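Take a look at the structure set out below.
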Amino acid sequence: MNDAPQTPPAAAGDEIVPTLPAADAPTLLVKIFGKDRPGLTAGLFDTLAGYDVDVVDIEQVVTRGRIVLCALVTVPTARGAESDLRVTVHGWAESMKMQAEIISGIGDNRPRGEGRSHVTVLGRPLAPEAVAAIAALITGAGGNIDRIFRLAKYPVTAVEFAVSGAEHTTLRSALALEAAARGVDVAVVPSGLQRRAQRLVVMDVDSTLIQDEVIELFAAHAGCEEQVAEVTAAAMRGELDFEQSLHARVALLAGLDASVVDKVRAEVRLTPGARTLVRTLKRLGYQVGVVSGGFTQVTDDLKERLGLDFAAANTLEVVDGRLTGKVVGPIVDRAGKARLLRAFAQLAGVPLSQTVAIGDGANDLDMLNAAGLGVAFNAKPVVRQAADTAVNVPFLDTVLYLLGITREEIESADEVDGTPTD
Ligand SMILES: [Mg+2]
């Protein structure tokens with residue numbers, strides 16, 4: 001309703017009487033504040049119905065049992081009607097023990113500026129200093145805060161600002177540094193149909209969908225954790241690329257009994273909120289996939305358990321009931337992950353711009369950059385800086401808030417389904 005043009009479009013030969021006030025027509029803003037109770041909204045509009053006015057806009061907010069109800073209406077034209085309306089509305093409000101304010105003005109709401117974004121702020125807890133800093137930066141970037149509302153109070157406090165008048169890329173860079181300094185997560189997503197049209201989510205597995213690094217679970221069974229850790233450290237120092245380090249680590253598993261695969265599957269710990277994220281996305285009609293530099297022996301099982309649409313990873317070779325220390329098939333590395341995101345998008349019939357990728361490692365960077373929205377999840381600083389958005393709380397379902405889905409919607413969908421929310 002805030003987007004309404006100031007003057008109704010011309011409709012030649014159309015008999016419909018325009019209901020919007022002209023830009024220079026006088027209007028009344030009727031504001032009611034007080035303790036919320038049933039029947040207030042009906043009561044106010046019943047009172048207004050006694051006058052020849054049109055409703056231009058309505059906004060209502062209830063916070064901890066207190067209601068703010070604003071009605072923007074045209075001014076009644078009959079002689080003396082406006083002052084009569086004022087007296088009647090104040091009398092009604094008094095009888096309801098509410099405060100009323102009636103403000104004269106001109107026209108409709110100012111049209112919202114170009115460049116609209118949703119700024120989601122996640123805090124645990126959310127400090128007033130952080131809100132102040134973010135609001136000041138939005139204003140500093142030329143943005144106007146049009147609305148603010150809470151998306152969730154659990155497992156984090158999530159608040160969404162609807163902002164207009166600033167480019168989302170400008171906002172994103174302005175807010176990213178401040179967010180990190182304030183210990184909150186801030187996501188800036190451009191508004192519009194695109195946001196609602198996102199239809200494919202692709203996640204990394206190790207340290208994203210699950211809390212573990214699968215190679216380390218295998219290494220523990222092979223008694224070579226230290227050697228594997230050494231190779232990992234060498235790779236992090238840049239001495240080995242991903243493929244070299246993968247081969248070197250898998251080679252250490254040679255001879256391991258294949259029955260270990262079942263043990264590792266049982267040891268894998270899902271990240272808190274992982275089930276809620278996948279279940280909610282599936283209900284909303286999203287397709288969900290995983291890509292992993294780990295192993296299909298684990299990702300296939302996760303695909304089955306969580307009802308995922310796509311899964312791809314490296315495959316440990318098994319011969320005569322033992323791991324050979326080799327992988328078979330094409331290697332899933334950094335470039336491979338981005339390639340798989342594109343392949344999944346094609347299979348899902350979704351343009352890349354409508355995909356979301358989530359990951360924590362340098363290996364995920366190409367995929368995060370290729371996706372419509374790249375979310376760095378509890379990632380290392382290098383990944384965090386390169387991604388659109390970073391989430392640094394250890395709950396995967398907070399990604400839903402970035403998509404504008406509220407906790408209330410998640411929980412009521414679970415209730416309908418009889419599924420306990422995790
Ligand atoms: Mg990872």
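Residue names in the structure tokens use chain letters A, B, ... in the order shown, residue numbers from 1 in each chain, and ligand numbers from 1 in the order shown.
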
- Would you please give, as a ChimeraX atom specification, all residues of region 216-422 of chain A that DSSP assigns to strand (DSSP E) based on the backbone? /A:287-295,310-319,322-328,355-359,373-377,389-391

- Query: Taking only C-alpha atoms and all ligand atoms into account, which residues are within 7 Å of ligand 1, as JSON, numbers by chain?
  - Reply: {"A": [204, 205, 206, 207, 208, 359, 360, 361]}

May I have a table of the residues of region 73-122 of chain A lying at most 7 Å from region 155-175 of chain A, giving each one's closest pair of atoms and their distance in Å to one decimal, counting only C-alpha atoms, ordered by chain and ascending residue number, as a Markdown table?
| residue | atom | partner | partner_atom | distance |
| --- | --- | --- | --- | --- |
| A:Arg112 | CA | A:Ser164 | CA | 6.2 |
| A:Gly113 | CA | A:Gly165 | CA | 4.5 |
| A:Glu114 | CA | A:Gly165 | CA | 5.1 |
| A:Gly115 | CA | A:Gly165 | CA | 5.1 |
| A:Arg116 | CA | A:Ser164 | CA | 4.2 |
| A:Ser117 | CA | A:Val163 | CA | 5.3 |
| A:His118 | CA | A:Ala162 | CA | 4.9 |
| A:Val119 | CA | A:Phe161 | CA | 5.0 |
| A:Thr120 | CA | A:Glu160 | CA | 4.4 |
| A:Val121 | CA | A:Val159 | CA | 5.3 |
| A:Leu122 | CA | A:Ala158 | CA | 4.5 |

Keeping only C-alpha atoms, write the selected residues to a file as a PDB file, in the first residue's frame.
ATOM      1  CA  ARG A 112       8.975   4.687  -1.234  1.00  0.00           C
ATOM      2  CA  GLY A 113      12.306   5.447  -2.840  1.00  0.00           C
ATOM      3  CA  GLU A 114      13.996   3.324  -5.491  1.00  0.00           C
ATOM      4  CA  GLY A 115      16.491   0.700  -4.380  1.00  0.00           C
ATOM      5  CA  ARG A 116      14.585  -1.442  -1.938  1.00  0.00           C
ATOM      6  CA  SER A 117      16.198  -4.033   0.272  1.00  0.00           C
ATOM      7  CA  HIS A 118      15.541  -6.218   3.242  1.00  0.00           C
ATOM      8  CA  VAL A 119      18.145  -5.874   5.944  1.00  0.00           C
ATOM      9  CA  THR A 120      17.983  -8.800   8.338  1.00  0.00           C
ATOM     10  CA  VAL A 121      19.802  -8.471  11.641  1.00  0.00           C
ATOM     11  CA  LEU A 122      20.522 -11.542  13.751  1.00  0.00           C
TER      12      LEU A 122
END

- Query: Suppose you want the space between CA of Thr296 (chain A) and CA of Thr232 (chain A); what is it in Å?
  - Reply: 20.0 Å

- Message: I'd like the neighbourhood of Val328 (chain A) as a VMD selection string, where a residue qualifies if any of its atoms comes within 9 Å (using only C-alpha atoms), though same-chain residues fewer than 4 positions away should be ignored.
- Response: chain A and resid 314 to 317

Could you write out that same residue set with C-alpha atoms as a PDB file, in the first residue's frame?
ATOM      1  CA  ASN A 314      33.725 -37.908  -4.004  1.00  0.00           C
ATOM      2  CA  THR A 315      33.443 -41.687  -3.777  1.00  0.00           C
ATOM      3  CA  LEU A 316      35.837 -43.791  -1.729  1.00  0.00           C
ATOM      4  CA  GLU A 317      36.867 -46.869  -3.679  1.00  0.00           C
TER       5      GLU A 317
END

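In this structure, CA of Asp414 (chain A) sits 25.7 Å away from CA of Ile148 (chain A).
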
- Message: Would you pick out the contacts of Pro330 (chain A) at 12 Å or less, using only C-alpha atoms, so that residues sharing its chain but fewer than 6 positions from it are not included, and give the list as a PyMOL selection string?
- Response: chain A and resi 243+293+295+312-316+336-337+339-340

- Which distance in Å separates CA of Glu304 (chain A) and CA of Tyr286 (chain A), to one decimal?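 CA of Tyr286 (chain A) lies 16.7 Å from CA of Glu304 (chain A).
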